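> For reference, this is coords-v3.tsv, and it has TSV, C-alpha atoms.
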chain	number	residue	atom	x	y	z
O	1	VAL	CA	-56.04	2.01	-15.98
O	2	LEU	CA	-55.49	5.75	-15.50
O	3	VAL	CA	-54.69	5.36	-11.80
O	4	GLU	CA	-52.25	2.52	-12.50
O	5	ARG	CA	-50.48	4.50	-15.21
O	6	ALA	CA	-50.25	7.62	-13.04
O	7	LEU	CA	-48.75	5.62	-10.18
O	8	ARG	CA	-46.24	4.05	-12.55
O	9	VAL	CA	-45.18	7.46	-13.93
O	10	ALA	CA	-44.85	8.77	-10.36
O	11	GLY	CA	-42.58	5.85	-9.52
O	12	LYS	CA	-44.97	4.46	-6.92
O	13	LEU	CA	-45.67	1.25	-8.81
O	14	GLN	CA	-43.09	-1.07	-10.27
O	15	GLY	CA	-43.33	-4.50	-11.77
O	16	ASP	CA	-46.40	-6.37	-12.82
O	17	ALA	CA	-48.55	-8.66	-10.73
O	18	GLY	CA	-49.67	-11.93	-12.19
O	19	LEU	CA	-53.21	-12.09	-13.49
O	20	SER	CA	-53.83	-14.87	-10.97
O	21	VAL	CA	-54.59	-12.18	-8.34
O	22	LEU	CA	-57.87	-11.69	-10.19
O	23	SER	CA	-58.91	-15.34	-9.90
O	24	GLY	CA	-60.91	-14.72	-6.73
O	25	PHE	CA	-63.30	-12.38	-8.51
O	26	THR	CA	-66.37	-13.87	-10.16
O	27	ASP	CA	-66.63	-11.22	-12.85
O	28	VAL	CA	-63.00	-11.29	-14.01
O	29	ASN	CA	-64.10	-12.10	-17.56
O	30	ASP	CA	-65.98	-8.79	-17.69
O	31	ILE	CA	-62.71	-6.84	-17.38
O	32	SER	CA	-61.56	-5.63	-20.80
O	33	ASP	CA	-58.39	-7.29	-22.01
O	34	TYR	CA	-56.51	-3.99	-22.19
O	35	ALA	CA	-57.30	-3.28	-18.52
O	36	LYS	CA	-56.66	-6.68	-16.90
O	37	GLN	CA	-52.99	-6.08	-16.13
O	38	SER	CA	-53.69	-2.65	-14.65
O	39	VAL	CA	-56.51	-4.01	-12.50
O	40	ALA	CA	-54.31	-6.89	-11.37
O	41	ASN	CA	-51.56	-4.46	-10.36
O	42	LEU	CA	-53.98	-2.32	-8.35
O	43	VAL	CA	-55.48	-5.38	-6.65
O	44	ALA	CA	-52.01	-6.70	-5.80
O	45	GLU	CA	-51.09	-3.31	-4.29
O	46	GLY	CA	-54.26	-3.34	-2.16
O	47	LEU	CA	-55.65	-0.24	-3.84
O	48	VAL	CA	-58.64	-1.98	-5.41
O	49	LEU	CA	-60.44	-4.44	-3.16
O	50	GLY	CA	-63.64	-5.27	-4.98
O	51	SER	CA	-66.91	-6.07	-3.26
O	52	ASN	CA	-68.58	-9.43	-2.72
O	53	ASN	CA	-65.90	-11.15	-4.82
O	54	ARG	CA	-66.62	-8.81	-7.71
O	55	ILE	CA	-64.67	-6.00	-9.37
O	56	LYS	CA	-67.74	-4.68	-11.21
O	57	PRO	CA	-65.82	-3.34	-14.22
O	58	LYS	CA	-68.96	-2.44	-16.15
O	59	ASP	CA	-70.51	-0.38	-13.34
O	60	TYR	CA	-70.05	3.35	-12.97
O	61	PHE	CA	-67.13	4.41	-10.77
O	62	THR	CA	-68.60	6.25	-7.77
O	63	ARG	CA	-67.16	9.18	-5.85
O	64	GLU	CA	-66.97	6.95	-2.81
O	65	GLU	CA	-64.85	4.40	-4.68
O	66	ALA	CA	-62.59	7.13	-6.06
O	67	ALA	CA	-62.15	8.62	-2.60
O	68	ALA	CA	-61.29	5.20	-1.16
O	69	ILE	CA	-58.59	4.62	-3.78
O	70	ILE	CA	-57.14	8.10	-3.27
O	71	TYR	CA	-57.11	7.51	0.49
O	72	ARG	CA	-55.32	4.17	0.05
O	73	ILE	CA	-52.75	5.75	-2.26
O	74	TYR	CA	-52.12	8.59	0.17
O	75	TYR	CA	-51.77	6.41	3.27
O	76	LYS	CA	-49.88	3.58	1.60
Kindly present the structure from the file in structure tokens form.


Amino acid sequence: VLVERALRVAGKLQGDAGLSVLSGFTDVNDISDYAKQSVANLVAEGLVLGSNNRIKPKDYFTREEAAAIIYRIYYK
């Protein structure tokens, strides 16, 4: 959510993706309601890819995952 909001404030993200972009993930129901739109936007932008058809919203966010998102933002 924080990454999505920061990108929006910076003008690098506009519009909203449909929640249907999350349909390919098996754990979509584990994403908190307040975060679903933000996650959908990041997935649609190719910044969040998931792993094994999962987003893993209840897992800890690792340094590796943070670095990957920062890299994708920088080279987008």

> Taking 6 positions as the minimum chain separation for residues in the same chain, which residues sit within 12 Å of Leu2 (chain O) when counting only C-alpha atoms? Answer as a PDB file with C-alpha atoms, in the coordinates of the input.


ATOM      1  CA  ARG O   8     -46.240   4.050 -12.550  1.00  0.00           C
ATOM      2  CA  VAL O   9     -45.180   7.460 -13.930  1.00  0.00           C
ATOM      3  CA  TYR O  34     -56.510  -3.990 -22.190  1.00  0.00           C
ATOM      4  CA  ALA O  35     -57.300  -3.280 -18.520  1.00  0.00           C
ATOM      5  CA  SER O  38     -53.690  -2.650 -14.650  1.00  0.00           C
ATOM      6  CA  VAL O  39     -56.510  -4.010 -12.500  1.00  0.00           C
ATOM      7  CA  LEU O  42     -53.980  -2.320  -8.350  1.00  0.00           C
ATOM      8  CA  ALA O  66     -62.590   7.130  -6.060  1.00  0.00           C
TER       9      ALA O  66
END

> List as JSON lines every residue of region 4-33 of chain O that is in contact with region 56-60 of chain O, defined as an atom at most 7 Å from one of its atoms (using all atoms listed in the file), together with the nearest atom pair and the distance in Å rounded to one decimal, sorted by chain and then rising number.


{"residue": "O:Asp27", "atom": "CA", "partner": "O:Lys56", "partner_atom": "CA", "distance": 6.8}
{"residue": "O:Asp30", "atom": "CA", "partner": "O:Pro57", "partner_atom": "CA", "distance": 6.5}
{"residue": "O:Ile31", "atom": "CA", "partner": "O:Pro57", "partner_atom": "CA", "distance": 5.6}

> Could the residues in this selection be saved with C-alpha atoms as a CSV table (one decimal), in the frame of the given file?


chain,number,residue,atom,x,y,z
O,27,ASP,CA,-66.6,-11.2,-12.8
O,30,ASP,CA,-66.0,-8.8,-17.7
O,31,ILE,CA,-62.7,-6.8,-17.4

> Using only C-alpha atoms, which residues sit within 10 Å of Ser23 (chain O) once same-chain residues fewer than 6 positions away are excluded, as a compact mmCIF listing (two decimals) with C-alpha atoms, in the coordinates of the input?


# COMPACT_ATOMS: atom_id res chain seq x y z
CA ASN O 29 -64.10 -12.10 -17.56
CA ALA O 40 -54.31 -6.89 -11.37
CA ASN O 53 -65.90 -11.15 -4.82

> What is the CA of Ser51 (chain O) to CA of Gly11 (chain O) distance in Å?

27.8 Å

> Could you work out an axis-aligned bounding box for all listed atoms of region 54-62 of chain O, with 5 Å added on each of the six sides, and give its centre and edge lengths in Å to one decimal, as lines of an AutoDock Vina configuration file?


center_x = -67.6
center_y = -1.3
center_z = -11.9
size_x = 15.8
size_y = 25.1
size_z = 18.4

> Restricting the calculation to only C-alpha atoms, which member of O:Val1, O:Ala67, O:Val21, O:Ala10 is positioned closest to Asp33 (chain O)?

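Among O:Val1, O:Ala67, O:Val21, O:Ala10, it is O:Val1 that comes nearest to Asp33 (chain O).
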
> So, counting all atoms listed in the file, which residue among O:Ile70, O:Ile55, O:Arg63, O:Leu7 is closest to Ser32 (chain O)?

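Comparing O:Ile70, O:Ile55, O:Arg63, O:Leu7 against Ser32 (chain O), the winner is O:Ile55.
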
> Kindly give the distance, in Å, that separates CA of Ile73 (chain O) and CA of Leu47 (chain O), rounded to a single decimal.

6.8 Å

> Quick check, in Å to one decimal: how far apart do CA of Arg54 (chain O) and CA of Val28 (chain O) lie?

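Computing it gives 7.7 Å between the two atoms.
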
> Taking only C-alpha atoms into account, name the residue in O:Ala68, O:Asn41, O:Phe61, O:Asn52 that is nearest to Lys12 (chain O).

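Closest to Lys12 (chain O) of all the choices is O:Asn41.
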
> Tell me which of O:Glu65, O:Ala44, O:Leu49, O:Phe25 sits closest to Leu13 (chain O), counting all atoms listed in the file.

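Closest to Leu13 (chain O) of all the choices is O:Ala44.
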